[in-house]
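Note sheet for the following structure.
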Amino acid sequence: MAYGYYPGCSSHGTAREYDISTKKVCERLGLELKEVEDWNCCGASPAHATSEELSLALPFRNLALAEKQGLNSIMSTCSACYNRLKVADEILKNTPEISSRVSEIVGESYNSSLKVIHFLDLISKELGIERVKEKVQKPLADIKVVSYYGCLLTRPPEFVSVDPDPENPTVMEEIIGALGAEAPDWSHKTECCGASLALSRTDIVLRLSGEILKSARFADADCIAVACPLCYANLDMRQAQISSMHGVDYSLPVLFISELIGIALGIGYKELGMNKHMVSAKTLLTEKGLI
Amino acid sequence: MVESSQNENIEILTYSEVEEVGGYIGNFDVKIRKKARFVDIDKCTGCGTCYQKCPVKVPSEFDMEMGMRKAIYVPFPQAVPNVPVIDKEHCRMFTKGKCSICQKLCQADAVDYEQKDEIIEDRFGAIVVATGYDLFDASVYGEYGGGRFKDVITGLQLERLISPAGPTGGHIKRPSDGKEPKNVVFIQCVGSRDIEKGVPYCSNVCCMYTAKQAVLLKEHLPEVQTNIFYMDIRSAGKNYEQFVQRTMEQYGALYIRGRVSKIYQRGDKLIVKGADTLVGIQVEVEADMVVLATGITPRHDSKNLAGILSIPYDQFGFFTELHPKLAPIETVTSGIFLTGACQAPKDIPDTVASASGAAAKVASLFSSDEMSMEPLVSTIDTAVCSMCKACVEVCPYGAIQEEEITLRDGTKKKQLIVLESVCHGCGACVSTCRSSCIMLRGMTDEQIFDELMAVAQ
Ligand SMILES: Cc1cc2nc3c(=O)[nH]c(=O)nc-3n(C[C@H](O)[C@H](O)[C@H](O)COP(=O)(O)OP(=O)(O)OC[C@H]3O[C@@H](n4cnc5c(N)ncnc54)[C@H](O)[C@@H]3O)c2cc1C
Ligand code: SF4
Ligand code: SF4
């Protein structure tokens, strides 16, 4: 059975390596992905700040297309896309008035038949962490990875369900543990990186993301694992600026969970698209004998 | 407690629970299970040899699991009676079938592993319910660590740390490493006034106990700085506001109006992030210990007890008084009275006041052989009654009973009667009776029709 795949805009831009590594990893794990044809932007954080109808209409079209194309599920790698699709799906399912209004706007119909999941669900619930563990060829021994979830993977808890505990999720740690790395508890796993203020209040983003980097350093981490292109953008691309602001050279690679799985499965560094990072993981992975 | 235990008119049944209540005011038939404590109260001298020598240690419930107790134990030094009890779940005699150290060492020969629960059935004139409260379970607040951080404790745990009889002998040491805290954060309204994660009501006591604890901490540790996050300070009680002012001015407590959004551990410190809504800024406090002023909830078993006693409870599980203003101690079931925090969050002065009220109510009830009641009770016309007993089913107070009478010719006949002391005149039976043979005195159908006719004219 193929899983519907919704890459989202970032996967074609700033986070191409997330898209590349996800596809490679799924192929290796025997998970068939089928990209939703003609998908559009999910609206992410700007849409629901502008208009509620727009914030539902955009994901509605994606859900409707996936359903029309005969898919049973829709998996996104981005936590914002996942959040929007999931919240919209729940609202549409439970409030027929809104559903019919949005259906009219979009000109498509949707029967709420899809299972809306995130890449973490695909690995932990659909496939099972044990199955990943069996396929590990290069255990990530001797690496300390802190898992960063951000806000959108666990909130609002009444809709979103990557992990049952919104304040202290552990699913990423469980996956990373299965890959052989050390995945310690740390303080900032669900703190906001400031994503929605990326362009309007960059100063706030720098402060919030700076706190996350500082705490990762305090936790003695070798790198940070993320499961969202927006978190990635703030923590990786702004790291140089934050480093000079704090007067500390963080040099903390920020890696997508798919990349970490890929490395452990023995897929090549370049093959996973990992040469695209601002803060390179090459030195770290070479030192640990993983590439 | 000690004084009560010595009063010849008071019998204290500890380690006992009410299981069934029948009858009615003046004549409650109560079944009480006196649980086996495996120590003979009459023989035990309270010497304490048994619990000194018992090899099994388990976390003490009374010390909020911050200290240990033995499998045979007295919950706290002032407990009445000063007679130990054996915890069957942990005692080796019960789990493994061997040990009996306490029995061998007990010079009074008081330990008896064969002791059985005892059932007491007796008749009582009135019942006062004083079962108290439980504390809100703060582990639902994942943002405060959800129980993960050792130095995030509850107010009740701090009470134990302050108590000379507590696990640290009254020295305030934080649980993680036994160090004296220098900077302590208190968070008020944990579970209270929070419709998302807790309950909507105010727990009434936590503002004041937090202030008290800030004072006590300062008295124990003069170097300590206390920081109190609050929503409002509710100090409505005699001299309460002055006490809070003194807490700030003389004891240097820093009150910060705002909620805490997150606590996390950094090294051996707890970083407390919150808002100061008076200044309009976000604040971060580096604390050694955090105390959560957890709210008051009804006891977990309050609904079950309400069923046994046939008394109502509110949407949360607090027992409901007959009337919030005019009958705050009585319940709808005559002869059953409420006192303390089983009814609503109450502090000690309010609890003592309501307890005195309940005692006075009972004393006045017992002081005469007759009692005055509302005249509005129902009555059954037994000549018409077909004994279908629909009314018995429907009466919420169990006021309708079957009795046997002997007719003039000597034959026996069963009929229904209304216990006037139990009936509340609610009228449920009247509207249920198919043969219209139950009437409310002073409110018969004819009277109501006449009233209606008069209004309609
Ligand atoms: C941390 C903290 C600090 C406080 N500090 C103060 C303070 O300084 N000053 C103040 O005025 N108030 C204070 N309070 C409030 C105070 O605790 C209450 O006002 C008081 O305990 C209420 O008394 P109570 O008798 O109603 O209930 P409780 O004290 O709860 O007593 C009820 C008793 O009934 C027993 N029981 C329950 N069910 C049954 C049953 N079915 N059968 C037999 N027994 C049963 C329980 O075991 C318990 O012993 C504080 C509260 C907290 C949480
Ligand atoms: S018999 Fe039970 S209570 Fe007595 S000493 Fe042994 S373990 Fe302790
Ligand atoms: S008494 Fe104070 S701390 Fe307790 S719930 Fe009420 S306002 Fe909050």
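In the structure tokens, each chain is lettered A, B, ... as it comes, each chain's residues begin at 1, and ligands are numbered from 1 in order of appearance.
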
Only residues of chain B matter here; which ones have an atom within 6 Å of chain A, counting only C-alpha atoms? Give them as a ChimeraX atom specification. /B:142-143,264

In stretch 175-262 of chain B, DSSP alpha helix (DSSP H) residues written as a PyMOL selection string: chain B and resi 206-220+240-249

Residues of chain B that have any atom at most 9 Å from an atom of ligand 1: could you tabulate them with the shortest-distance atom pair and the distance in Å to one decimal, using only C-alpha atoms and all ligand atoms, ordered by chain and increasing number, as JSON lines?
{"residue": "B:Leu13", "atom": "CA", "partner": "ligand 1", "partner_atom_place_in_ligand_line": "43 (C)", "distance": 8.6}
{"residue": "B:Thr14", "atom": "CA", "partner": "ligand 1", "partner_atom_place_in_ligand_line": "43 (C)", "distance": 7.6}
{"residue": "B:Tyr15", "atom": "CA", "partner": "ligand 1", "partner_atom_place_in_ligand_line": "43 (C)", "distance": 7.4}
{"residue": "B:Ser16", "atom": "CA", "partner": "ligand 1", "partner_atom_place_in_ligand_line": "43 (C)", "distance": 6.3}
{"residue": "B:Glu17", "atom": "CA", "partner": "ligand 1", "partner_atom_place_in_ligand_line": "42 (N)", "distance": 4.7}
{"residue": "B:Val18", "atom": "CA", "partner": "ligand 1", "partner_atom_place_in_ligand_line": "42 (N)", "distance": 6.2}
{"residue": "B:Glu19", "atom": "CA", "partner": "ligand 1", "partner_atom_place_in_ligand_line": "41 (N)", "distance": 8.7}
{"residue": "B:Val129", "atom": "CA", "partner": "ligand 1", "partner_atom_place_in_ligand_line": "39 (C)", "distance": 8.6}
{"residue": "B:Ala130", "atom": "CA", "partner": "ligand 1", "partner_atom_place_in_ligand_line": "26 (O)", "distance": 5.5}
{"residue": "B:Thr131", "atom": "CA", "partner": "ligand 1", "partner_atom_place_in_ligand_line": "37 (C)", "distance": 3.7}
{"residue": "B:Gly132", "atom": "CA", "partner": "ligand 1", "partner_atom_place_in_ligand_line": "27 (O)", "distance": 3.2}
{"residue": "B:Tyr133", "atom": "CA", "partner": "ligand 1", "partner_atom_place_in_ligand_line": "30 (O)", "distance": 4.7}
{"residue": "B:Asp134", "atom": "CA", "partner": "ligand 1", "partner_atom_place_in_ligand_line": "30 (O)", "distance": 7.0}
{"residue": "B:Leu135", "atom": "CA", "partner": "ligand 1", "partner_atom_place_in_ligand_line": "53 (C)", "distance": 6.7}
{"residue": "B:Thr154", "atom": "CA", "partner": "ligand 1", "partner_atom_place_in_ligand_line": "1 (C)", "distance": 7.3}
{"residue": "B:Gly155", "atom": "CA", "partner": "ligand 1", "partner_atom_place_in_ligand_line": "1 (C)", "distance": 4.2}
{"residue": "B:Leu156", "atom": "CA", "partner": "ligand 1", "partner_atom_place_in_ligand_line": "1 (C)", "distance": 3.7}
{"residue": "B:Gln157", "atom": "CA", "partner": "ligand 1", "partner_atom_place_in_ligand_line": "1 (C)", "distance": 7.3}
{"residue": "B:Leu158", "atom": "CA", "partner": "ligand 1", "partner_atom_place_in_ligand_line": "1 (C)", "distance": 7.3}
{"residue": "B:Glu159", "atom": "CA", "partner": "ligand 1", "partner_atom_place_in_ligand_line": "1 (C)", "distance": 6.0}
{"residue": "B:Arg160", "atom": "CA", "partner": "ligand 1", "partner_atom_place_in_ligand_line": "1 (C)", "distance": 9.0}
{"residue": "B:Asn204", "atom": "CA", "partner": "ligand 1", "partner_atom_place_in_ligand_line": "15 (C)", "distance": 8.7}
{"residue": "B:Val205", "atom": "CA", "partner": "ligand 1", "partner_atom_place_in_ligand_line": "15 (C)", "distance": 5.7}
{"residue": "B:Cys206", "atom": "CA", "partner": "ligand 1", "partner_atom_place_in_ligand_line": "52 (C)", "distance": 6.7}
{"residue": "B:Met208", "atom": "CA", "partner": "ligand 1", "partner_atom_place_in_ligand_line": "7 (C)", "distance": 7.2}
{"residue": "B:Tyr209", "atom": "CA", "partner": "ligand 1", "partner_atom_place_in_ligand_line": "5 (N)", "distance": 4.7}
{"residue": "B:Thr210", "atom": "CA", "partner": "ligand 1", "partner_atom_place_in_ligand_line": "3 (C)", "distance": 7.6}
{"residue": "B:Lys212", "atom": "CA", "partner": "ligand 1", "partner_atom_place_in_ligand_line": "8 (O)", "distance": 6.4}
{"residue": "B:Gln213", "atom": "CA", "partner": "ligand 1", "partner_atom_place_in_ligand_line": "8 (O)", "distance": 8.1}
{"residue": "B:Ala293", "atom": "CA", "partner": "ligand 1", "partner_atom_place_in_ligand_line": "1 (C)", "distance": 7.1}
{"residue": "B:Thr294", "atom": "CA", "partner": "ligand 1", "partner_atom_place_in_ligand_line": "53 (C)", "distance": 7.1}
{"residue": "B:Gly295", "atom": "CA", "partner": "ligand 1", "partner_atom_place_in_ligand_line": "53 (C)", "distance": 7.3}
{"residue": "B:Ile296", "atom": "CA", "partner": "ligand 1", "partner_atom_place_in_ligand_line": "53 (C)", "distance": 7.0}
{"residue": "B:Arg299", "atom": "CA", "partner": "ligand 1", "partner_atom_place_in_ligand_line": "38 (N)", "distance": 7.3}
{"residue": "B:Asp301", "atom": "CA", "partner": "ligand 1", "partner_atom_place_in_ligand_line": "41 (N)", "distance": 7.6}
{"residue": "B:Ser302", "atom": "CA", "partner": "ligand 1", "partner_atom_place_in_ligand_line": "38 (N)", "distance": 7.7}
{"residue": "B:Leu305", "atom": "CA", "partner": "ligand 1", "partner_atom_place_in_ligand_line": "41 (N)", "distance": 6.6}
{"residue": "B:Thr339", "atom": "CA", "partner": "ligand 1", "partner_atom_place_in_ligand_line": "26 (O)", "distance": 6.3}
{"residue": "B:Gly340", "atom": "CA", "partner": "ligand 1", "partner_atom_place_in_ligand_line": "26 (O)", "distance": 3.3}
{"residue": "B:Ala341", "atom": "CA", "partner": "ligand 1", "partner_atom_place_in_ligand_line": "26 (O)", "distance": 3.9}
{"residue": "B:Cys342", "atom": "CA", "partner": "ligand 1", "partner_atom_place_in_ligand_line": "26 (O)", "distance": 5.8}
{"residue": "B:Gln343", "atom": "CA", "partner": "ligand 1", "partner_atom_place_in_ligand_line": "26 (O)", "distance": 8.1}
{"residue": "B:Ala344", "atom": "CA", "partner": "ligand 1", "partner_atom_place_in_ligand_line": "26 (O)", "distance": 8.8}
{"residue": "B:Pro345", "atom": "CA", "partner": "ligand 1", "partner_atom_place_in_ligand_line": "19 (O)", "distance": 7.2}
{"residue": "B:Lys346", "atom": "CA", "partner": "ligand 1", "partner_atom_place_in_ligand_line": "19 (O)", "distance": 4.8}
{"residue": "B:Asp347", "atom": "CA", "partner": "ligand 1", "partner_atom_place_in_ligand_line": "19 (O)", "distance": 3.2}
{"residue": "B:Ile348", "atom": "CA", "partner": "ligand 1", "partner_atom_place_in_ligand_line": "11 (O)", "distance": 3.4}
{"residue": "B:Pro349", "atom": "CA", "partner": "ligand 1", "partner_atom_place_in_ligand_line": "11 (O)", "distance": 5.6}
{"residue": "B:Asp350", "atom": "CA", "partner": "ligand 1", "partner_atom_place_in_ligand_line": "19 (O)", "distance": 7.2}
{"residue": "B:Thr351", "atom": "CA", "partner": "ligand 1", "partner_atom_place_in_ligand_line": "26 (O)", "distance": 5.7}
{"residue": "B:Val352", "atom": "CA", "partner": "ligand 1", "partner_atom_place_in_ligand_line": "23 (O)", "distance": 8.0}
{"residue": "B:Ala355", "atom": "CA", "partner": "ligand 1", "partner_atom_place_in_ligand_line": "25 (O)", "distance": 8.5}

When you look at stretch 392-404 of chain B with a cut-off of 6 Å (counting only C-alpha atoms), what residues show up, excluding the ones that are within fewer than 5 positions of it in the same chain? I need them as number ranges by chain. B: 413-419, 422-423

Using 6 Å as the limit and counting only C-alpha atoms and all ligand atoms, can you tabulate each residue of chain B that touches ligand 3, with its shortest atom-to-atom distance in Å and the two atoms involved, as JSON lines?
{"residue": "B:Gln188", "atom": "CA", "partner": "ligand 3", "partner_atom_place_in_ligand_line": "3 (S)", "distance": 4.2}
{"residue": "B:Cys189", "atom": "CA", "partner": "ligand 3", "partner_atom_place_in_ligand_line": "8 (Fe)", "distance": 3.6}
{"residue": "B:Ser192", "atom": "CA", "partner": "ligand 3", "partner_atom_place_in_ligand_line": "5 (S)", "distance": 4.6}
{"residue": "B:Arg193", "atom": "CA", "partner": "ligand 3", "partner_atom_place_in_ligand_line": "5 (S)", "distance": 5.9}
{"residue": "B:Cys202", "atom": "CA", "partner": "ligand 3", "partner_atom_place_in_ligand_line": "5 (S)", "distance": 3.8}
{"residue": "B:Ser203", "atom": "CA", "partner": "ligand 3", "partner_atom_place_in_ligand_line": "5 (S)", "distance": 4.1}
{"residue": "B:Asn204", "atom": "CA", "partner": "ligand 3", "partner_atom_place_in_ligand_line": "1 (S)", "distance": 3.7}
{"residue": "B:Val205", "atom": "CA", "partner": "ligand 3", "partner_atom_place_in_ligand_line": "1 (S)", "distance": 4.8}
{"residue": "B:Cys206", "atom": "CA", "partner": "ligand 3", "partner_atom_place_in_ligand_line": "4 (Fe)", "distance": 3.9}
{"residue": "B:Cys207", "atom": "CA", "partner": "ligand 3", "partner_atom_place_in_ligand_line": "2 (Fe)", "distance": 3.7}
{"residue": "B:Asp232", "atom": "CA", "partner": "ligand 3", "partner_atom_place_in_ligand_line": "7 (S)", "distance": 5.6}
{"residue": "B:Ile233", "atom": "CA", "partner": "ligand 3", "partner_atom_place_in_ligand_line": "2 (Fe)", "distance": 5.6}
{"residue": "B:Arg234", "atom": "CA", "partner": "ligand 3", "partner_atom_place_in_ligand_line": "2 (Fe)", "distance": 5.1}

Output the neighbourhood of ligand 2 as a PyMOL selection string, that is, all protein and nucleic acid residues with some atom at most 8 Å from the ligand, counting only C-alpha atoms and all ligand atoms. chain B and resi 50-51+53-56+70-73+86-88+90-94+98-103

Taking N, CA and C atoms for each residue, export the selection above as a PDB file, in the first residue's frame.
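Printed below is selection38.pdb as written:
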ATOM      1  N   CYS B  50       8.718  -2.950  67.419  1.00  0.00           N
ATOM      2  CA  CYS B  50       8.390  -3.619  66.160  1.00  0.00           C
ATOM      3  C   CYS B  50       8.850  -2.811  64.965  1.00  0.00           C
ATOM      4  N   TYR B  51       8.502  -1.510  64.936  1.00  0.00           N
ATOM      5  CA  TYR B  51       8.863  -0.769  63.719  1.00  0.00           C
ATOM      6  C   TYR B  51      10.331  -0.363  63.688  1.00  0.00           C
ATOM      7  N   LYS B  53      12.618  -2.551  64.371  1.00  0.00           N
ATOM      8  CA  LYS B  53      13.329  -3.750  63.897  1.00  0.00           C
ATOM      9  C   LYS B  53      12.811  -4.309  62.577  1.00  0.00           C
ATOM     10  N   CYS B  54      11.645  -3.894  62.143  1.00  0.00           N
ATOM     11  CA  CYS B  54      11.090  -4.430  60.884  1.00  0.00           C
ATOM     12  C   CYS B  54      12.072  -4.163  59.741  1.00  0.00           C
ATOM     13  N   PRO B  55      12.397  -5.176  58.943  1.00  0.00           N
ATOM     14  CA  PRO B  55      13.406  -5.008  57.886  1.00  0.00           C
ATOM     15  C   PRO B  55      12.870  -4.379  56.587  1.00  0.00           C
ATOM     16  N   VAL B  56      11.544  -4.226  56.480  1.00  0.00           N
ATOM     17  CA  VAL B  56      10.985  -3.742  55.200  1.00  0.00           C
ATOM     18  C   VAL B  56      10.773  -2.234  55.250  1.00  0.00           C
ATOM     19  N   LYS B  70       8.274   1.744  57.810  1.00  0.00           N
ATOM     20  CA  LYS B  70       8.430   0.300  57.797  1.00  0.00           C
ATOM     21  C   LYS B  70       7.122  -0.371  57.371  1.00  0.00           C
ATOM     22  N   ALA B  71       7.154  -1.711  57.257  1.00  0.00           N
ATOM     23  CA  ALA B  71       5.923  -2.433  56.908  1.00  0.00           C
ATOM     24  C   ALA B  71       4.968  -2.442  58.098  1.00  0.00           C
ATOM     25  N   ILE B  72       5.532  -2.379  59.309  1.00  0.00           N
ATOM     26  CA  ILE B  72       4.692  -2.169  60.495  1.00  0.00           C
ATOM     27  C   ILE B  72       5.017  -0.754  60.953  1.00  0.00           C
ATOM     28  N   TYR B  73       3.992   0.084  61.079  1.00  0.00           N
ATOM     29  CA  TYR B  73       4.312   1.501  61.289  1.00  0.00           C
ATOM     30  C   TYR B  73       3.160   2.256  61.943  1.00  0.00           C
ATOM     31  N   ILE B  86      -0.006  -3.080  60.373  1.00  0.00           N
ATOM     32  CA  ILE B  86       0.854  -3.784  59.419  1.00  0.00           C
ATOM     33  C   ILE B  86       0.302  -3.589  58.014  1.00  0.00           C
ATOM     34  N   ASP B  87       1.174  -3.190  57.124  1.00  0.00           N
ATOM     35  CA  ASP B  87       0.815  -2.983  55.731  1.00  0.00           C
ATOM     36  C   ASP B  87       0.990  -4.324  55.007  1.00  0.00           C
ATOM     37  N   LYS B  88      -0.141  -4.964  54.757  1.00  0.00           N
ATOM     38  CA  LYS B  88      -0.181  -6.320  54.198  1.00  0.00           C
ATOM     39  C   LYS B  88       0.530  -6.458  52.848  1.00  0.00           C
ATOM     40  N   HIS B  90       3.184  -5.120  51.894  1.00  0.00           N
ATOM     41  CA  HIS B  90       4.644  -5.154  51.950  1.00  0.00           C
ATOM     42  C   HIS B  90       5.227  -6.059  53.024  1.00  0.00           C
ATOM     43  N   CYS B  91       4.454  -6.395  54.048  1.00  0.00           N
ATOM     44  CA  CYS B  91       4.962  -7.221  55.153  1.00  0.00           C
ATOM     45  C   CYS B  91       5.385  -8.598  54.631  1.00  0.00           C
ATOM     46  N   ARG B  92       6.560  -9.032  55.045  1.00  0.00           N
ATOM     47  CA  ARG B  92       7.090 -10.315  54.540  1.00  0.00           C
ATOM     48  C   ARG B  92       6.264 -11.517  54.981  1.00  0.00           C
ATOM     49  N   MET B  93       5.593 -11.385  56.117  1.00  0.00           N
ATOM     50  CA  MET B  93       4.747 -12.494  56.564  1.00  0.00           C
ATOM     51  C   MET B  93       3.623 -12.727  55.552  1.00  0.00           C
ATOM     52  N   PHE B  94       3.157 -11.648  54.943  1.00  0.00           N
ATOM     53  CA  PHE B  94       2.067 -11.776  53.982  1.00  0.00           C
ATOM     54  C   PHE B  94       2.577 -12.006  52.567  1.00  0.00           C
ATOM     55  N   LYS B  98       7.208 -15.656  55.657  1.00  0.00           N
ATOM     56  CA  LYS B  98       8.139 -15.791  56.786  1.00  0.00           C
ATOM     57  C   LYS B  98       8.702 -14.433  57.188  1.00  0.00           C
ATOM     58  N   CYS B  99       9.149 -14.359  58.418  1.00  0.00           N
ATOM     59  CA  CYS B  99       9.759 -13.165  59.028  1.00  0.00           C
ATOM     60  C   CYS B  99       9.385 -13.154  60.501  1.00  0.00           C
ATOM     61  N   SER B 100       8.167 -12.664  60.800  1.00  0.00           N
ATOM     62  CA  SER B 100       7.622 -12.585  62.159  1.00  0.00           C
ATOM     63  C   SER B 100       8.563 -11.976  63.202  1.00  0.00           C
ATOM     64  N   ILE B 101       9.504 -11.131  62.726  1.00  0.00           N
ATOM     65  CA  ILE B 101      10.415 -10.461  63.659  1.00  0.00           C
ATOM     66  C   ILE B 101       9.621  -9.644  64.684  1.00  0.00           C
ATOM     67  N   CYS B 102       8.650  -8.888  64.170  1.00  0.00           N
ATOM     68  CA  CYS B 102       7.920  -8.003  65.080  1.00  0.00           C
ATOM     69  C   CYS B 102       7.158  -8.801  66.138  1.00  0.00           C
ATOM     70  N   GLN B 103       6.612  -9.930  65.699  1.00  0.00           N
ATOM     71  CA  GLN B 103       5.851 -10.741  66.654  1.00  0.00           C
ATOM     72  C   GLN B 103       6.765 -11.293  67.755  1.00  0.00           C
TER      73      GLN B 103
END

I'd like to know which of B:Gln265, B:Ser378, B:Thr45, B:Ser139 is closest to B:Gly442, using only C-alpha atoms. B:Ser378

To test your reading of the structure, identify every residue in stretch 146-373 of chain B that backbone DSSP assigns to strand (DSSP E), and report it as a PyMOL selection string. chain B and resi 152-154+183-190+225-230+254-257+260-266+269-276+281-287+289-294+296-298+336-338

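One finds atom CA of B:Gln52 at 24.5 Å from atom CA of B:Lys173.
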
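The residue that comes closest to A:Val145, out of A:Pro7, A:Tyr110, A:Ala216, A:Arg131 and on the basis of only C-alpha atoms, is A:Ala216.
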
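The residue set within 8 Å of B:Thr432, counting only C-alpha atoms and dropping same-chain residues fewer than 4 places from it, reads Ala390, Cys391, Val394 and Ala428 of chain B.
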
Mind checking which residues fall within 9 Å of A:Arg207, counting only C-alpha atoms, ignoring those fewer than 3 positions away in the same chain, and posting them as a PyMOL selection string? chain A and resi 193-194+202-204+210-212+242

Keeping only all heavy atoms, write the selected residues to a file as a PDB file, in the first residue's frame.
ATOM      1  N   CYS A 193      10.847  28.270  18.015  1.00  0.00           N
ATOM      2  CA  CYS A 193      12.042  28.851  17.385  1.00  0.00           C
ATOM      3  C   CYS A 193      11.731  30.220  16.799  1.00  0.00           C
ATOM      4  O   CYS A 193      12.608  30.926  16.334  1.00  0.00           O
ATOM      5  CB  CYS A 193      12.588  27.933  16.298  1.00  0.00           C
ATOM      6  SG  CYS A 193      11.489  27.774  14.870  1.00  0.00           S
ATOM      7  N   GLY A 194      10.451  30.568  16.773  1.00  0.00           N
ATOM      8  CA  GLY A 194      10.067  31.885  16.249  1.00  0.00           C
ATOM      9  C   GLY A 194       9.668  31.863  14.786  1.00  0.00           C
ATOM     10  O   GLY A 194       9.514  32.915  14.168  1.00  0.00           O
ATOM     11  N   THR A 202      12.623  39.475  12.882  1.00  0.00           N
ATOM     12  CA  THR A 202      13.793  38.598  12.900  1.00  0.00           C
ATOM     13  C   THR A 202      14.514  38.654  14.244  1.00  0.00           C
ATOM     14  O   THR A 202      15.096  37.667  14.692  1.00  0.00           O
ATOM     15  CB  THR A 202      14.755  38.995  11.770  1.00  0.00           C
ATOM     16  OG1 THR A 202      13.972  39.263  10.625  1.00  0.00           O
ATOM     17  CG2 THR A 202      15.726  37.886  11.451  1.00  0.00           C
ATOM     18  N   ASP A 203      14.450  39.808  14.911  1.00  0.00           N
ATOM     19  CA  ASP A 203      15.143  39.930  16.211  1.00  0.00           C
ATOM     20  C   ASP A 203      14.611  38.902  17.214  1.00  0.00           C
ATOM     21  O   ASP A 203      15.378  38.291  17.959  1.00  0.00           O
ATOM     22  CB  ASP A 203      14.988  41.357  16.766  1.00  0.00           C
ATOM     23  CG  ASP A 203      13.518  41.771  16.894  1.00  0.00           C
ATOM     24  OD1 ASP A 203      12.717  41.396  16.014  1.00  0.00           O
ATOM     25  OD2 ASP A 203      13.164  42.439  17.887  1.00  0.00           O
ATOM     26  N   ILE A 204      13.279  38.692  17.170  1.00  0.00           N
ATOM     27  CA  ILE A 204      12.692  37.717  18.099  1.00  0.00           C
ATOM     28  C   ILE A 204      13.143  36.299  17.721  1.00  0.00           C
ATOM     29  O   ILE A 204      13.474  35.487  18.575  1.00  0.00           O
ATOM     30  CB  ILE A 204      11.149  37.823  18.110  1.00  0.00           C
ATOM     31  CG1 ILE A 204      10.740  39.189  18.670  1.00  0.00           C
ATOM     32  CG2 ILE A 204      10.520  36.693  18.928  1.00  0.00           C
ATOM     33  CD1 ILE A 204       9.254  39.430  18.755  1.00  0.00           C
ATOM     34  N   GLY A 210      18.282  31.383  19.384  1.00  0.00           N
ATOM     35  CA  GLY A 210      19.530  31.466  20.150  1.00  0.00           C
ATOM     36  C   GLY A 210      19.435  30.696  21.452  1.00  0.00           C
ATOM     37  O   GLY A 210      20.364  29.974  21.848  1.00  0.00           O
ATOM     38  N   GLU A 211      18.288  30.813  22.112  1.00  0.00           N
ATOM     39  CA  GLU A 211      18.082  30.078  23.368  1.00  0.00           C
ATOM     40  C   GLU A 211      18.165  28.576  23.137  1.00  0.00           C
ATOM     41  O   GLU A 211      18.691  27.826  23.956  1.00  0.00           O
ATOM     42  CB  GLU A 211      16.691  30.401  23.949  1.00  0.00           C
ATOM     43  CG  GLU A 211      16.577  31.774  24.597  1.00  0.00           C
ATOM     44  CD  GLU A 211      17.495  31.923  25.792  1.00  0.00           C
ATOM     45  OE1 GLU A 211      17.564  30.979  26.585  1.00  0.00           O
ATOM     46  OE2 GLU A 211      18.167  32.977  25.892  1.00  0.00           O
ATOM     47  N   ILE A 212      17.608  28.149  22.016  1.00  0.00           N
ATOM     48  CA  ILE A 212      17.591  26.707  21.711  1.00  0.00           C
ATOM     49  C   ILE A 212      19.021  26.206  21.485  1.00  0.00           C
ATOM     50  O   ILE A 212      19.425  25.174  22.015  1.00  0.00           O
ATOM     51  CB  ILE A 212      16.681  26.439  20.486  1.00  0.00           C
ATOM     52  CG1 ILE A 212      15.236  26.776  20.856  1.00  0.00           C
ATOM     53  CG2 ILE A 212      16.788  24.988  20.021  1.00  0.00           C
ATOM     54  CD1 ILE A 212      14.303  26.925  19.680  1.00  0.00           C
ATOM     55  N   ILE A 242      23.649  34.015  14.900  1.00  0.00           N
ATOM     56  CA  ILE A 242      23.459  33.851  16.345  1.00  0.00           C
ATOM     57  C   ILE A 242      24.806  33.654  17.037  1.00  0.00           C
ATOM     58  O   ILE A 242      25.083  34.243  18.080  1.00  0.00           O
ATOM     59  CB  ILE A 242      22.506  32.670  16.649  1.00  0.00           C
ATOM     60  CG1 ILE A 242      21.096  32.981  16.125  1.00  0.00           C
ATOM     61  CG2 ILE A 242      22.442  32.384  18.150  1.00  0.00           C
ATOM     62  CD1 ILE A 242      20.140  31.803  16.118  1.00  0.00           C
TER      63      ILE A 242
END
